[in-house]
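Beneath this line is the structure, given in structure tokens, with notes to follow.
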Amino acid sequence: MADVPQQSKKELHHRVSQFFWRSWAIQASWNYERQMNMGFLYGIAPTIDRLYDNSPKGIEKKKEAYRRHMAFYNCTPQTSSFVLGLSASMEEEYAKDPDSFDPDSINAVKSSLMGPLSGIGDSLFQGTFRVLAFGLGISLARQGSVAGPILAMVISLIPSIGFTWYGGQLGYVAGQKYLKKLTASGMMDRIMYLVTIVGLMVIGSMIASMIGITTPLAMGKAFKLQKTLDTIFPQMIPLAVTFFMYWLLRKKVSTTWILVISIVGGILLSVLGVFA
């Protein structure tokens with residue numbers, strides 16, 4: 001960082017501070033439809049507001065960017081600062097050269113990073129640091145020491161603070177450094193293709209793991225429909241339900257009606273013994 005001018009250092013510190021502080025609030029507006037999307041938009045909003053002025057054209061660009069970042073997002077909060085930093089650098093590149101930069105690549109990169117970073121983040125922060133911190137804290141608290149809960153909080157916070165700060169900085173600086181080279185060399189289209197594939201794989205795995213719909217339909221002891229479906233296409237029913245919901249969205253059906261259809265349809269099909 002020694003070759004960065006003093007003013008640029010201040011600007012970098014200010015922007016990383018935004019990623020850092022706002023990533024702590026990324027679950028404040030968690031919702032069942034798109035989960036952390038509003039928190040992510042809150043984190044990247046200062047970047048969007050800085051890139052576009054309040055002229056009619058600038059306001060339209062802001063709206064476009066806001067809609068882009070209202071897409072589904074779910075990732076460990078401590079590693080989300082990296083995604084915020086990288087997305088901010090991509091938004092800057094798009095604002096500089098909108099003709100040669102595909103804005104769809106921003107959400108494609110976000111989707112491809114959600115799975116790997118959640119796996120790393122959840123394992124480290126939920127499965128390791130928190131268990132160690134509160135295991136030690138509980139053992140001290142059982143001895144009557146007030147240091148128990150204090151130490152548990154400190155041990156939990158230190159790695160979270162470090163990962164959040166340096167993750168945001170790494171995502172932003174690395175994005176600025178490599179995006180120009182990738183765009184100039186024509187590699188961005190190939191990377192876009194690859195991250196789209198990874199993003200689709202992540203979404204596919206989420207469908208298989210998060211939608212637990214099965215059918216108990218059977219004919220005697222010889223034929224069980226769920227077993228037959230699994231031999232043809234595992235997780236066929238969750239995938240079919242997902243495509244049905246996607247079709248409803250494409251038909252501009254409101255999320256309220258989709259929720260009603262899901263609740264009423266789920267109860268009715270369960271009562272009739274179609275779904276388990």
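In the structure tokens, the first chain shown is A, the next is B, and so on; residue numbers restart at 1 for each chain, and ligands run from 1 in the order shown.
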Fill in: In region 30-271 of chain A, DSSP strand (DSSP E) residues written as JSON, numbers by chain
{"A": [218, 219, 223, 224]}
Mind dumping the selected residues with N, CA, C and O atoms as a PDB file, in the first residue's frame?
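See result-v2.pdb below for the written result:
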ATOM      1  N   ALA A 218     -47.782 -44.579  -2.884  1.00  0.00           N
ATOM      2  CA  ALA A 218     -47.270 -45.929  -3.125  1.00  0.00           C
ATOM      3  C   ALA A 218     -48.424 -46.840  -3.510  1.00  0.00           C
ATOM      4  O   ALA A 218     -49.599 -46.553  -3.244  1.00  0.00           O
ATOM      5  N   MET A 219     -48.075 -47.932  -4.159  1.00  0.00           N
ATOM      6  CA  MET A 219     -49.051 -48.973  -4.508  1.00  0.00           C
ATOM      7  C   MET A 219     -48.551 -50.284  -3.931  1.00  0.00           C
ATOM      8  O   MET A 219     -47.628 -50.909  -4.472  1.00  0.00           O
ATOM      9  N   PHE A 223     -44.314 -50.804  -5.135  1.00  0.00           N
ATOM     10  CA  PHE A 223     -44.115 -49.548  -5.850  1.00  0.00           C
ATOM     11  C   PHE A 223     -44.223 -48.363  -4.900  1.00  0.00           C
ATOM     12  O   PHE A 223     -45.261 -48.145  -4.274  1.00  0.00           O
ATOM     13  N   LYS A 224     -43.139 -47.610  -4.785  1.00  0.00           N
ATOM     14  CA  LYS A 224     -43.134 -46.357  -4.043  1.00  0.00           C
ATOM     15  C   LYS A 224     -42.693 -45.257  -5.003  1.00  0.00           C
ATOM     16  O   LYS A 224     -41.588 -45.294  -5.540  1.00  0.00           O
TER      17      LYS A 224
END
Counting only C-alpha atoms, what are the residues of region 77-116 of chain A within 7 Å of region 45-65 of chain A, and for each of them which pair of atoms is the nearest and at what distance in Å, to one decimal? Sort the table by chain and rising number, as CSV.
residue,atom,partner,partner_atom,distance
A:Ala88,CA,A:Thr47,CA,6.3
A:Glu92,CA,A:Leu51,CA,6.9
A:Ala95,CA,A:Leu51,CA,6.8
Item to complete: Extract, using only C-alpha atoms, all DNA, RNA and protein residues at most 9 Å from Gln235 (chain A), discarding same-chain residues fewer than 4 positions from it, and format them as number ranges by chain.
Response: A: 207-208, 211-214, 229-230, 239-240
Fill in: All helix (DSSP H, G or I) residues (DSSP, backbone) inside region 84-219 of chain A, as a PyMOL selection string
chain A and resi 84-96+104-142+147-185+187-210
Discussion item. Neighbouring residues of region 200-204 of chain A were defined as those with any atom within 12 Å, considering only C-alpha atoms; residues of the same chain fewer than 3 positions away were excluded. Please report them as an NGL selection string.
Written reply: :A and (72-75 or 107-119 or 193-197 or 207-211 or 234-236 or 238-240 or 242-243)
Worksheet item: Hey, what's within 10 Å of region 21-25 of chain A if we count only C-alpha atoms and toss same-chain stuff fewer than 5 positions away? As a ChimeraX atom specification, please?
Response: /A:16,30,36,38-45,76-84,160-161,164-165,168
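The shortest atom-to-atom distance to Arg67 (chain A), with only C-alpha atoms taken into account, belongs to A:Pro103 out of A:Ile258, A:Pro103, A:Ala28, A:Gln35.
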